[in-house]
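Structure file upload.tsv (TSV, C-alpha atoms) is printed below.
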```tsv
chain	number	residue	atom	x	y	z
A	1	MET	CA	-75.73	18.27	9.69
A	2	ASN	CA	-77.48	20.82	11.86
A	3	PRO	CA	-79.10	23.60	9.88
A	4	ILE	CA	-78.06	27.06	11.03
A	5	ASP	CA	-80.80	29.10	12.46
A	6	PRO	CA	-81.72	31.84	9.89
A	7	ARG	CA	-81.83	34.42	12.69
A	8	ILE	CA	-78.08	33.93	13.15
A	9	HIS	CA	-77.45	34.81	9.48
A	10	ARG	CA	-79.59	37.85	9.82
A	11	ALA	CA	-77.86	38.94	13.04
A	12	LEU	CA	-74.40	38.46	11.42
A	13	ASP	CA	-75.62	40.46	8.42
A	14	GLY	CA	-76.84	43.24	10.75
A	15	GLU	CA	-80.47	42.83	9.77
A	16	LEU	CA	-81.51	41.76	13.24
A	17	ALA	CA	-80.45	43.34	16.54
A	18	ARG	CA	-78.70	40.95	18.90
A	19	GLU	CA	-80.88	41.99	21.76
A	20	ASP	CA	-83.78	40.51	19.85
A	21	LEU	CA	-82.16	37.07	19.81
A	22	PRO	CA	-82.59	34.46	22.48
A	23	ARG	CA	-79.61	34.09	24.82
A	24	GLU	CA	-78.22	30.85	23.29
A	25	LEU	CA	-78.34	32.28	19.76
A	26	ARG	CA	-76.68	35.48	20.96
A	27	LEU	CA	-73.75	33.34	22.35
A	28	VAL	CA	-73.36	31.55	19.01
A	29	VAL	CA	-73.22	34.86	17.15
A	30	GLU	CA	-70.56	36.17	19.55
A	31	ARG	CA	-68.41	33.03	19.06
A	32	LEU	CA	-68.65	33.25	15.33
A	33	GLU	CA	-67.65	36.91	15.38
A	34	ALA	CA	-64.63	36.12	17.66
A	35	ALA	CA	-63.53	33.36	15.29
A	36	ALA	CA	-63.81	35.74	12.34
A	37	ALA	CA	-61.67	38.31	14.20
A	38	LEU	CA	-58.98	35.70	14.87
A	39	LEU	CA	-58.84	34.70	11.22
A	40	ALA	CA	-58.55	38.35	10.20
A	41	ALA	CA	-55.63	38.91	12.64
A	42	ALA	CA	-53.62	35.81	11.49
A	43	PRO	CA	-50.86	36.44	8.85
A	44	ALA	CA	-51.62	35.49	5.37
A	45	VAL	CA	-50.53	31.91	4.62
A	46	ALA	CA	-47.86	31.87	1.91
A	47	GLY	CA	-48.43	29.80	-1.12
A	48	LEU	CA	-46.50	26.59	-1.93
A	49	GLU	CA	-44.30	28.13	-4.58
A	50	PRO	CA	-42.79	30.92	-2.42
A	51	ARG	CA	-42.18	28.43	0.39
A	52	VAL	CA	-40.28	26.02	-1.95
A	53	MET	CA	-38.18	28.84	-3.39
A	54	ALA	CA	-37.32	30.11	0.07
A	55	ALA	CA	-36.15	26.66	1.11
A	56	LEU	CA	-34.00	26.40	-2.02
A	57	ARG	CA	-32.33	29.75	-1.33
A	58	ARG	CA	-31.61	28.92	2.34
A	59	PRO	CA	-27.95	27.82	2.87
A	60	ALA	CA	-27.40	24.19	3.79
A	61	PRO	CA	-27.12	23.64	7.54
A	62	SER	CA	-23.56	23.25	8.87
A	63	ARG	CA	-22.12	19.80	9.64
A	64	MET	CA	-22.37	20.51	13.33
A	65	ARG	CA	-26.05	21.51	12.96
A	66	ARG	CA	-26.71	18.36	10.99
A	67	LEU	CA	-24.87	16.31	13.63
A	68	VAL	CA	-26.90	17.91	16.42
A	69	ARG	CA	-30.08	17.30	14.44
A	70	TRP	CA	-29.03	13.68	13.84
A	71	PHE	CA	-28.44	13.13	17.55
A	72	SER	CA	-31.73	14.86	18.45
A	73	ILE	CA	-33.76	12.49	16.28
A	74	PRO	CA	-34.30	8.97	17.57
A	75	HIS	CA	-32.64	6.24	15.47
A	76	ALA	CA	-32.87	2.52	15.46
A	77	VAL	CA	-29.61	1.02	16.85
A	78	THR	CA	-28.52	-2.47	15.86
A	79	LEU	CA	-26.24	-4.67	17.90
A	80	ARG	CA	-23.67	-4.64	15.09
A	81	SER	CA	-23.44	-0.83	15.00
A	82	LEU	CA	-23.12	-0.77	18.79
A	83	ALA	CA	-20.21	-3.22	18.63
A	84	LEU	CA	-18.54	-1.16	15.90
A	85	ALA	CA	-18.88	2.03	17.93
A	86	ALA	CA	-17.43	0.29	20.99
A	87	ALA	CA	-14.45	-0.93	18.97
A	88	VAL	CA	-13.77	2.55	17.58
A	89	ALA	CA	-14.01	4.06	21.06
A	90	LEU	CA	-11.62	1.45	22.44
A	91	LEU	CA	-9.04	2.11	19.73
A	92	THR	CA	-9.35	5.87	20.18
A	93	LEU	CA	-9.38	6.12	23.94
A	94	VAL	CA	-7.04	3.35	25.00
A	95	PRO	CA	-3.45	4.32	24.10
A	96	ILE	CA	-1.66	1.74	22.03
A	97	ASP	CA	1.47	0.62	23.83
A	98	GLU	CA	4.23	1.90	21.57
A	99	GLY	CA	6.76	1.28	24.29
A	100	ASN	CA	7.60	4.48	26.07
A	101	GLY	CA	11.24	3.59	25.79
A	102	PRO	CA	13.91	4.34	28.33
A	103	VAL	CA	13.91	7.50	30.39
A	104	LEU	CA	17.00	9.43	29.38
A	105	GLY	CA	19.31	11.07	31.88
A	106	ASP	CA	20.88	14.49	31.44
A	107	HIS	CA	24.10	12.91	30.21
A	108	GLU	CA	22.62	10.40	27.83
A	109	GLY	CA	21.84	10.53	24.14
A	110	ILE	CA	20.51	8.42	21.31
A	111	ALA	CA	22.82	6.69	18.84
A	112	GLN	CA	21.43	5.28	15.62
A	113	PHE	CA	23.45	2.74	13.69
A	114	VAL	CA	22.51	1.89	10.12
A	115	GLY	CA	24.33	-0.33	7.65
A	116	ARG	CA	23.50	-2.10	4.41
A	117	PHE	CA	24.46	-5.75	4.50
A	118	PRO	CA	22.17	-7.59	2.05
A	119	ASP	CA	23.57	-11.07	2.61
A	120	ALA	CA	24.23	-10.88	6.33
A	121	GLN	CA	22.74	-13.27	8.86
A	122	THR	CA	23.74	-11.16	11.88
A	123	VAL	CA	25.16	-7.68	12.33
A	124	HIS	CA	26.45	-6.22	15.60
A	125	VAL	CA	27.99	-2.90	16.47
A	126	VAL	CA	31.07	-3.09	18.63
A	127	GLY	CA	33.03	-0.22	20.09
A	128	SER	CA	34.45	1.62	23.05
A	129	PHE	CA	30.89	2.03	24.41
A	130	ASN	CA	30.66	-1.70	25.11
A	131	ASP	CA	34.34	-2.51	25.77
A	132	TRP	CA	34.57	-3.93	22.21
A	133	ARG	CA	32.39	-6.87	23.19
A	134	THR	CA	30.80	-8.55	20.22
A	135	GLY	CA	27.20	-9.64	20.57
A	136	THR	CA	25.89	-7.01	22.96
A	137	ILE	CA	24.33	-4.60	20.44
A	138	PRO	CA	22.67	-6.43	17.56
A	139	LEU	CA	21.29	-4.59	14.54
A	140	GLU	CA	17.97	-5.71	13.09
A	141	ASP	CA	16.65	-6.02	9.57
A	142	ARG	CA	12.93	-6.32	10.27
A	143	ASP	CA	11.71	-5.85	6.72
A	144	HIS	CA	14.48	-7.99	5.19
A	145	ASP	CA	15.59	-5.25	2.79
A	146	GLY	CA	19.24	-5.67	3.71
A	147	VAL	CA	19.36	-2.48	5.77
A	148	TRP	CA	20.25	-3.22	9.39
A	149	ARG	CA	19.48	-0.78	12.19
A	150	ALA	CA	19.89	-0.32	15.93
A	151	THR	CA	18.95	2.58	18.16
A	152	VAL	CA	20.60	2.63	21.56
A	153	VAL	CA	20.95	4.89	24.56
A	154	LEU	CA	24.54	5.77	25.36
A	155	PRO	CA	26.25	8.10	27.79
A	156	THR	CA	27.25	11.35	26.09
A	157	GLY	CA	30.79	11.36	24.77
A	158	THR	CA	33.01	10.29	21.92
A	159	TYR	CA	33.37	6.66	20.90
A	160	GLU	CA	35.00	4.54	18.22
A	161	TYR	CA	33.20	1.58	16.69
A	162	MET	CA	32.90	-0.89	13.82
A	163	PHE	CA	30.25	-3.30	12.58
A	164	VAL	CA	30.77	-7.04	12.91
A	165	VAL	CA	28.94	-8.98	10.21
A	166	ASP	CA	28.13	-12.66	10.73
A	167	GLY	CA	30.34	-12.71	13.80
A	168	GLU	CA	33.65	-12.44	11.97
A	169	ARG	CA	33.75	-9.73	9.31
A	170	TRP	CA	34.76	-6.31	10.70
A	171	VAL	CA	33.35	-3.50	8.59
A	172	THR	CA	33.88	0.25	8.91
A	173	ASP	CA	30.71	2.35	8.96
A	174	HIS	CA	31.47	4.50	5.96
A	175	LEU	CA	28.23	6.44	6.45
A	176	ALA	CA	29.77	7.92	9.60
A	177	ASP	CA	30.97	11.51	9.38
A	178	ARG	CA	34.21	10.80	11.15
A	179	LEU	CA	36.81	8.11	10.66
A	180	VAL	CA	40.12	7.42	12.35
A	181	GLU	CA	42.86	4.83	11.87
A	182	ASP	CA	42.60	2.00	14.37
A	183	ASP	CA	46.37	1.19	14.53
A	184	PHE	CA	45.60	-2.31	13.30
A	185	GLY	CA	45.33	-1.52	9.60
A	186	ARG	CA	41.66	-0.57	9.51
A	187	GLU	CA	39.53	2.48	10.19
A	188	ASN	CA	37.16	2.98	13.09
A	189	SER	CA	34.18	5.27	12.81
A	190	ILE	CA	33.85	7.99	15.40
A	191	LEU	CA	30.54	8.55	17.12
A	192	ILE	CA	29.80	11.67	19.15
A	193	VAL	CA	26.75	11.18	21.36
A	194	ARG	CA	25.09	14.45	22.30
A	195	ALA	CA	22.66	14.84	25.19
A	196	ALA	CA	19.12	14.10	24.07
A	197	ARG	CA	17.78	16.58	26.64
A	198	ARG	CA	18.93	19.94	25.41
B	1	MET	CA	51.15	16.33	47.27
B	2	LYS	CA	51.81	13.75	49.99
B	3	LEU	CA	48.12	12.84	50.00
B	4	GLY	CA	48.17	12.41	46.24
B	5	LEU	CA	51.22	10.14	46.44
B	6	LEU	CA	49.58	8.13	49.20
B	7	LEU	CA	46.39	7.74	47.21
B	8	THR	CA	48.40	6.65	44.17
B	9	LEU	CA	50.27	4.04	46.24
B	10	VAL	CA	47.02	2.71	47.70
B	11	THR	CA	44.92	2.72	44.54
B	12	SER	CA	47.52	1.63	41.96
B	13	PRO	CA	47.60	-2.06	42.95
B	14	LEU	CA	43.78	-2.16	42.94
B	15	ALA	CA	43.64	-0.48	39.53
B	16	ALA	CA	46.31	-2.82	38.19
B	17	GLN	CA	44.33	-5.80	39.45
B	18	SER	CA	41.14	-4.60	37.76
B	19	VAL	CA	42.98	-3.87	34.48
B	20	ARG	CA	44.43	-7.38	34.42
B	21	SER	CA	41.04	-8.92	35.07
B	22	ARG	CA	39.52	-6.87	32.25
B	23	LEU	CA	42.20	-7.95	29.82
B	24	GLU	CA	42.44	-11.62	30.69
B	25	ALA	CA	40.46	-13.93	28.42
B	26	ARG	CA	39.84	-11.06	26.03
B	27	VAL	CA	43.37	-10.19	24.96
B	28	PRO	CA	46.09	-12.66	23.84
B	29	THR	CA	48.04	-13.85	26.88
B	30	GLY	CA	51.27	-12.39	25.54
B	31	ALA	CA	49.76	-8.92	25.36
B	32	VAL	CA	48.22	-8.90	28.82
B	33	SER	CA	51.45	-8.37	30.74
B	34	THR	CA	52.78	-5.85	28.17
B	35	VAL	CA	49.66	-3.73	28.27
B	36	ASP	CA	49.38	-4.14	32.02
B	37	SER	CA	52.90	-2.79	32.52
B	38	LEU	CA	52.21	0.12	30.12
B	39	VAL	CA	49.06	0.93	32.06
B	40	GLN	CA	51.09	1.04	35.27
B	41	VAL	CA	53.64	3.37	33.65
B	42	ALA	CA	50.85	5.64	32.44
B	43	ALA	CA	49.29	5.69	35.90
B	44	ARG	CA	52.63	6.59	37.49
B	45	GLU	CA	53.07	9.43	35.01
B	46	GLY	CA	49.56	10.72	35.64
B	47	LEU	CA	48.44	9.90	32.13
B	48	PRO	CA	45.04	8.41	31.25
B	49	THR	CA	45.04	4.62	31.36
B	50	GLU	CA	41.61	3.78	29.98
B	51	PRO	CA	42.55	4.47	26.32
B	52	LEU	CA	45.33	1.88	26.64
B	53	VAL	CA	42.90	-0.69	28.04
B	54	GLN	CA	40.39	0.09	25.29
B	55	LYS	CA	43.04	-0.27	22.59
B	56	ALA	CA	44.04	-3.68	23.97
B	57	LEU	CA	40.40	-4.81	24.19
B	58	GLU	CA	39.84	-3.59	20.62
B	59	GLY	CA	42.88	-5.51	19.41
B	60	GLY	CA	41.70	-8.62	21.23
B	61	ALA	CA	38.21	-8.36	19.74
B	62	LYS	CA	39.69	-7.91	16.27
B	63	HIS	CA	41.91	-11.00	16.78
B	64	VAL	CA	45.09	-8.95	16.40
B	65	SER	CA	48.37	-10.59	17.44
B	66	ALA	CA	49.83	-9.96	20.89
B	67	ALA	CA	52.88	-8.24	19.41
B	68	ARG	CA	50.74	-5.83	17.43
B	69	ILE	CA	48.54	-5.01	20.41
B	70	GLY	CA	51.63	-4.34	22.52
B	71	ALA	CA	53.09	-2.09	19.82
B	72	ALA	CA	49.85	-0.16	19.44
B	73	ALA	CA	49.61	0.35	23.19
B	74	GLN	CA	53.24	1.51	23.38
B	75	GLU	CA	52.66	3.93	20.51
B	76	MET	CA	49.56	5.25	22.22
B	77	LEU	CA	51.44	5.82	25.45
B	78	ASP	CA	54.00	7.92	23.54
B	79	GLN	CA	51.19	9.91	21.88
B	80	LEU	CA	49.51	10.52	25.23
B	81	ARG	CA	52.79	11.93	26.50
B	82	ASP	CA	52.96	14.18	23.40
B	83	ALA	CA	49.39	15.32	24.03
B	84	ARG	CA	50.17	16.28	27.60
B	85	ALA	CA	53.31	18.11	26.52
B	86	LEU	CA	51.25	20.06	24.01
B	87	LEU	CA	48.75	21.03	26.71
B	88	VAL	CA	51.54	22.31	28.94
B	89	ARG	CA	53.13	24.21	26.01
B	90	ALA	CA	49.78	25.83	25.26
B	91	GLY	CA	49.58	27.13	28.79
B	92	ASP	CA	47.57	24.54	30.71
B	93	ALA	CA	48.84	24.33	34.25
B	94	PRO	CA	50.12	20.82	35.04
B	95	PRO	CA	48.88	18.32	35.89
B	96	ALA	CA	46.64	18.18	32.84
B	97	THR	CA	43.44	16.22	33.39
B	98	ALA	CA	43.14	12.75	31.91
B	99	ALA	CA	40.10	13.90	29.92
B	100	GLU	CA	41.95	16.79	28.31
B	101	VAL	CA	45.01	14.65	27.49
B	102	THR	CA	42.71	12.12	25.82
B	103	THR	CA	40.99	14.91	23.90
B	104	ILE	CA	44.27	16.26	22.56
B	105	TYR	CA	45.46	12.75	21.72
B	106	ALA	CA	42.24	12.16	19.73
B	107	ALA	CA	42.59	15.46	17.84
B	108	LEU	CA	46.17	14.66	16.84
B	109	LYS	CA	45.07	11.15	15.89
B	110	ARG	CA	42.44	12.64	13.59
B	111	GLY	CA	45.24	14.40	11.77
B	112	LEU	CA	45.09	17.95	13.09
B	113	PRO	CA	48.51	19.64	13.00
B	114	ALA	CA	49.98	20.15	16.47
B	115	PRO	CA	50.30	23.98	16.06
B	116	VAL	CA	46.57	24.21	15.23
B	117	VAL	CA	45.66	22.12	18.29
B	118	GLU	CA	47.96	24.23	20.42
B	119	ARG	CA	46.33	27.42	19.14
B	120	ILE	CA	42.85	26.19	20.04
B	121	VAL	CA	43.98	25.06	23.48
B	122	ALA	CA	45.57	28.45	24.15
B	123	ALA	CA	42.48	30.30	22.89
B	124	MET	CA	40.11	28.34	25.13
B	125	PRO	CA	41.75	28.18	28.54
B	126	GLN	CA	39.89	26.69	31.47
B	127	GLU	CA	37.30	24.88	29.40
B	128	PRO	CA	36.85	21.57	27.60
B	129	ARG	CA	38.12	21.73	24.02
B	130	GLY	CA	36.83	18.40	22.76
B	131	SER	CA	34.00	19.76	20.63
B	132	ALA	CA	36.12	22.62	19.28
B	133	LEU	CA	38.83	20.19	18.19
B	134	HIS	CA	36.36	17.77	16.64
B	135	SER	CA	34.74	20.67	14.81
B	136	VAL	CA	38.06	21.75	13.31
B	137	ALA	CA	38.95	18.14	12.50
B	138	ASP	CA	35.57	17.73	10.78
B	139	LEU	CA	36.33	20.71	8.57
B	140	ALA	CA	39.85	19.47	7.88
B	141	ALA	CA	38.32	16.14	6.83
B	142	HIS	CA	36.32	18.12	4.25
B	143	ARG	CA	39.61	19.63	2.99
B	144	PHE	CA	39.16	22.99	4.68
B	145	ASP	CA	42.38	24.70	5.70
B	146	PRO	CA	42.89	23.68	9.37
B	147	ASP	CA	44.21	27.11	10.31
B	148	SER	CA	41.22	28.98	8.81
B	149	SER	CA	38.88	26.42	10.37
B	150	ALA	CA	40.50	26.93	13.77
B	151	SER	CA	40.06	30.70	13.41
B	152	LEU	CA	36.34	30.27	12.76
B	153	ILE	CA	35.84	27.93	15.72
B	154	ILE	CA	37.81	30.23	18.03
B	155	ASP	CA	35.64	33.15	16.86
B	156	ALA	CA	32.52	31.09	17.56
B	157	ALA	CA	33.80	30.33	21.07
B	158	HIS	CA	34.54	34.01	21.65
B	159	GLN	CA	30.98	34.80	20.58
B	160	GLY	CA	29.60	32.56	23.26
B	161	LEU	CA	29.18	29.16	21.62
B	162	ARG	CA	30.28	26.44	23.96
B	163	GLY	CA	30.58	22.66	24.11
B	164	GLU	CA	28.60	20.66	21.58
B	165	ARG	CA	27.25	23.84	19.95
B	166	LEU	CA	30.69	24.24	18.41
B	167	LEU	CA	30.03	21.06	16.45
B	168	ASP	CA	27.10	22.87	14.83
B	169	VAL	CA	29.50	25.44	13.40
B	170	SER	CA	31.36	22.91	11.30
B	171	THR	CA	28.05	21.31	10.31
B	172	ALA	CA	26.80	24.72	9.10
B	173	VAL	CA	30.00	25.28	7.11
B	174	VAL	CA	29.71	21.88	5.43
B	175	HIS	CA	26.07	22.66	4.55
B	176	GLU	CA	27.18	25.91	2.89
B	177	LEU	CA	29.76	23.93	0.93
B	178	GLN	CA	27.07	21.50	-0.17
B	179	ARG	CA	24.93	24.45	-1.31
B	180	GLY	CA	27.62	25.31	-3.82
B	181	HIS	CA	29.79	27.84	-2.02
B	182	SER	CA	33.55	27.63	-2.27
B	183	ARG	CA	35.35	26.70	0.94
B	184	ALA	CA	36.38	30.28	1.61
B	185	GLU	CA	32.83	31.50	0.98
B	186	ALA	CA	31.34	28.80	3.21
B	187	LEU	CA	33.60	29.84	6.08
B	188	ALA	CA	32.75	33.52	5.48
B	189	VAL	CA	28.98	32.88	5.35
B	190	VAL	CA	28.96	31.05	8.66
B	191	ARG	CA	31.29	33.61	10.27
B	192	ARG	CA	28.76	36.32	9.41
B	193	GLU	CA	25.96	34.27	11.03
B	194	LEU	CA	27.81	33.66	14.29
B	195	PRO	CA	26.71	32.88	16.91
B	196	ASN	CA	23.45	31.95	15.18
B	197	VAL	CA	24.13	28.57	13.70
B	198	PRO	CA	21.31	26.05	13.45
B	199	ALA	CA	21.13	23.44	16.19
B	200	PRO	CA	20.49	19.83	15.21
B	201	PRO	CA	16.95	18.54	15.66
B	202	LYS	CA	16.21	16.67	18.84
B	203	PRO	CA	15.94	12.92	18.43
B	204	ALA	CA	12.51	11.96	17.12
B	205	ARG	CA	10.11	10.67	19.77
B	206	ALA	CA	9.77	7.41	17.91
B	207	SER	CA	13.55	6.98	17.95
B	208	VAL	CA	13.70	7.53	21.69
B	209	ALA	CA	10.78	5.17	22.21
B	210	GLY	CA	12.48	2.48	20.16
B	211	ALA	CA	15.90	2.91	21.77
B	212	ARG	CA	17.27	0.42	24.22
B	213	ARG	CA	20.14	0.36	26.60
B	214	PRO	CA	22.83	-2.06	25.51
B	215	GLU	CA	24.37	-4.44	27.98
B	216	ALA	CA	27.68	-3.25	29.37
B	217	ALA	CA	27.36	0.26	27.96
B	218	SER	CA	30.26	2.14	29.41
B	219	PRO	CA	30.95	5.87	29.42
B	220	PRO	CA	33.79	7.08	27.22
B	221	PRO	CA	37.26	6.80	28.68
B	222	PRO	CA	38.43	9.84	30.64
```

As structure tokens:
Amino acid sequence: MNPIDPRIHRALDGELAREDLPRELRLVVERLEAAAALLAAAPAVAGLEPRVMAALRRPAPSRMRRLVRWFSIPHAVTLRSLALAAAVALLTLVPIDEGNGPVLGDHEGIAQFVGRFPDAQTVHVVGSFNDWRTGTIPLEDRDHDGVWRATVVLPTGTYEYMFVVDGERWVTDHLADRLVEDDFGRENSILIVRAARR
Amino acid sequence: MKLGLLLTLVTSPLAAQSVRSRLEARVPTGAVSTVDSLVQVAAREGLPTEPLVQKALEGGAKHVSAARIGAAAQEMLDQLRDARALLVRAGDAPPATAAEVTTIYAALKRGLPAPVVERIVAAMPQEPRGSALHSVADLAAHRFDPDSSASLIIDAAHQGLRGERLLDVSTAVVHELQRGHSRAEALAVVRRELPNVPAPPKPARASVAGARRPEAASPPPP
């Protein structure tokens, strides 16, 4: 440790004129005075307690701010997390093929047929829309709950129809709003297909 | 007139041929010639023929006897004649279109009284009445008075509702009935709302996406 020249102390205390100092000591005194001026100009450093209390009172940063902060800080990335991110991006960005379905014309609409046939092996809908041909419009019971459904595109208009269960049993759709006698001792349901594009 | 007769003479044999081919193998042999001859009569009289063919195909699919199919087709021919006569009585200038004759036939078949049908036809000249008649028949099926129902539908038409929108009128009335109104109140409530009756929702996107075109889907008979 270098001892400080006593003349410097005396000059700083004003007991010795600077002009009486050698040049190198005068420079040291000037530097020390400049440093003291800087310290005097700097704001007072707050104590630990006020700083902790201020941090506690500050509202939590928003999610976006936290997200930005998270992205701005380097993180270690594992191969597994990269693969997971890629999978999520693929599922989000690549549309799942739901089947766009048919493009409907101005004079076409959607007809939905639903019937409950718990013990049926096959159910078809047959009517004036398919020249009363059995087998062209099957209903499906995908979840095996006995409820059979079909959704088909038909030209707009009025039709009569019945369900054919297991290829031989003709059943009226009693859920239909409209029924009419079929002239053969049964009732047909009436279907009015309205244009899907309205 | 001469052109029309010429066209009928030229096209009738072709139509007859196609009718026979549609019926054969799908309708009992004994019914084919009966229905075929009825179709030719209908064509000569300017009546719609497709409903007769459809009735025969329906009978064949349902394994109905030839005699019964023939009888049903004959009865239908008579009803088509009645339907056309009604149209003429109501003021439609002859010849009535096949589509309108079929519409009137269907309304009578659904049980609407002829005077009610005639009233609707007269109130809606120069426009298709199918939806109006179905709307009234829908209300009649819910035990509404056909005459009062016809008045409501005619009012709706006069207030600008046309075509399928008239079906929404009967739907709105039935909804009011289901909400607990009496039949008279339900009719009155909807009359006050005219022409603002709710339209049905469009088919859900998922329904359209899942829909498929059936084989041999054919438009309704004219």

If you count only C-alpha atoms, which residues fall within 9 Å of Asp92 of chain B, apart from same-chain ones fewer than 5 positions away, as a list in words?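 Using only C-alpha atoms, the neighbours found are Leu86, Leu87, Val121, Ala122, Pro125 and Gln126 of chain B.
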
May I have a table of the residues of chain A lying at most 10 Å from chain B, giving each one's closest pair of atoms and their distance in Å to one decimal, counting only C-alpha atoms, ordered by chain and ascending residue number, as CSV?
```
residue,atom,partner,partner_atom,distance
A:Glu98,CA,B:Ala209,CA,7.3
A:Gly99,CA,B:Ala209,CA,6.0
A:Asn100,CA,B:Ala209,CA,5.0
A:Gly101,CA,B:Ala209,CA,3.9
A:Pro102,CA,B:Arg212,CA,6.6
A:Val103,CA,B:Val208,CA,8.7
A:Leu104,CA,B:Val208,CA,8.6
A:His107,CA,B:Pro219,CA,9.9
A:Glu108,CA,B:Pro219,CA,9.6
A:Gly109,CA,B:Pro203,CA,8.6
A:Ile110,CA,B:Val208,CA,6.9
A:Ala111,CA,B:Ala211,CA,8.4
A:Gln112,CA,B:Ser207,CA,8.4
A:Val126,CA,B:Ala61,CA,8.9
A:Gly127,CA,B:Glu58,CA,7.6
A:Ser128,CA,B:Gln54,CA,6.5
A:Phe129,CA,B:Ser218,CA,5.0
A:Asn130,CA,B:Ala217,CA,4.8
A:Asp131,CA,B:Gln54,CA,6.6
A:Trp132,CA,B:Glu58,CA,5.5
A:Arg133,CA,B:Ala61,CA,6.9
A:Thr134,CA,B:Ala61,CA,7.4
A:Gly135,CA,B:Glu215,CA,9.5
A:Thr136,CA,B:Glu215,CA,5.8
A:Ile137,CA,B:Pro214,CA,5.9
A:Pro138,CA,B:Pro214,CA,9.1
A:Ala150,CA,B:Ala211,CA,7.8
A:Thr151,CA,B:Ala211,CA,4.7
A:Val152,CA,B:Ala211,CA,4.7
A:Val153,CA,B:Arg213,CA,5.0
A:Leu154,CA,B:Ala217,CA,6.7
A:Pro155,CA,B:Pro219,CA,5.5
A:Thr156,CA,B:Pro219,CA,7.4
A:Gly157,CA,B:Pro220,CA,5.8
A:Thr158,CA,B:Pro220,CA,6.2
A:Tyr159,CA,B:Pro220,CA,6.3
A:Glu160,CA,B:Pro220,CA,9.4
A:Tyr161,CA,B:Glu58,CA,9.3
A:Val164,CA,B:Lys62,CA,9.6
A:Glu168,CA,B:Lys62,CA,8.7
A:Arg169,CA,B:Lys62,CA,9.3
A:Trp170,CA,B:Lys62,CA,7.6
A:Asp177,CA,B:Asp138,CA,7.9
A:Arg178,CA,B:Asp138,CA,7.1
A:Leu179,CA,B:Arg110,CA,7.8
A:Val180,CA,B:Arg110,CA,5.8
A:Glu181,CA,B:Lys109,CA,7.8
A:Asp182,CA,B:Lys55,CA,8.5
A:Asp183,CA,B:Ala72,CA,6.2
A:Phe184,CA,B:Val64,CA,7.3
A:Ile190,CA,B:Arg110,CA,9.9
A:Ile192,CA,B:Ser131,CA,9.2
A:Val193,CA,B:Glu164,CA,9.7
A:Arg194,CA,B:Glu164,CA,7.2
A:Ala195,CA,B:Glu164,CA,9.1
A:Ala196,CA,B:Lys202,CA,6.5
A:Arg197,CA,B:Lys202,CA,8.0
A:Arg198,CA,B:Lys202,CA,7.8
```

Would you list the contacts of His174 of chain A as a PyMOL selection string, taking every protein, DNA or RNA residue within 10 Å and counting all atoms listed in the file, but skipping same-chain residues closer than 4 positions in sequence? chain A and resi 115+162+178-179+187-189

Work out how far apart atom CA of Ala25 of chain B and atom CA of Thr102 of chain B are and give it in Å to one decimal.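 Atom CA of Thr102 of chain B lies 26.3 Å from atom CA of Ala25 of chain B.
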
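When the distance limit is 6 Å and all atoms listed in the file are what count, the residues near Gly146 of chain A, minus those fewer than 2 positions from it on the same chain, are Arg116, Phe117, Pro118 and His144 of chain A.
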
Can you tell me how far atom CA of Leu191 of chain A sits from atom CA of Phe113 of chain A, in Å to one decimal?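 Interatomic distance, atom CA of Leu191 of chain A to atom CA of Phe113 of chain A: 9.8 Å.
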
Between atom CA of Gln40 of chain B and atom CA of Ile104 of chain B, what is the distance in Å, rounded to a tenth?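 So the answer is 21.0 Å.
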
Under the rule that all atoms listed in the file are counted, which of B:Leu161, B:Leu47, B:Leu52, B:Val35 is the nearest residue to Ala96 of chain B?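 Checking each of B:Leu161, B:Leu47, B:Leu52, B:Val35 against Ala96 of chain B, counting all atoms listed in the file, the winner is B:Leu47.
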
Might I get the box with edges along x, y and z of the file that holds all atoms of segment 156-167 of chain B listed there, padded by 6 Å on every side, given as centre and edge lengths in Å to one decimal, as AutoDock Vina command-line options?
```
--center_x 30.9 --center_y 27.7 --center_z 20.3 --size_x 19.3 --size_y 26.1 --size_z 19.7
```

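All residues of protein, DNA or RNA that reach within 7 Å of Asp166 of chain A, judged by only C-alpha atoms and not counting those fewer than 4 positions away in the chain, are Ala120, Gln121, Thr122 and Val123 of chain A.
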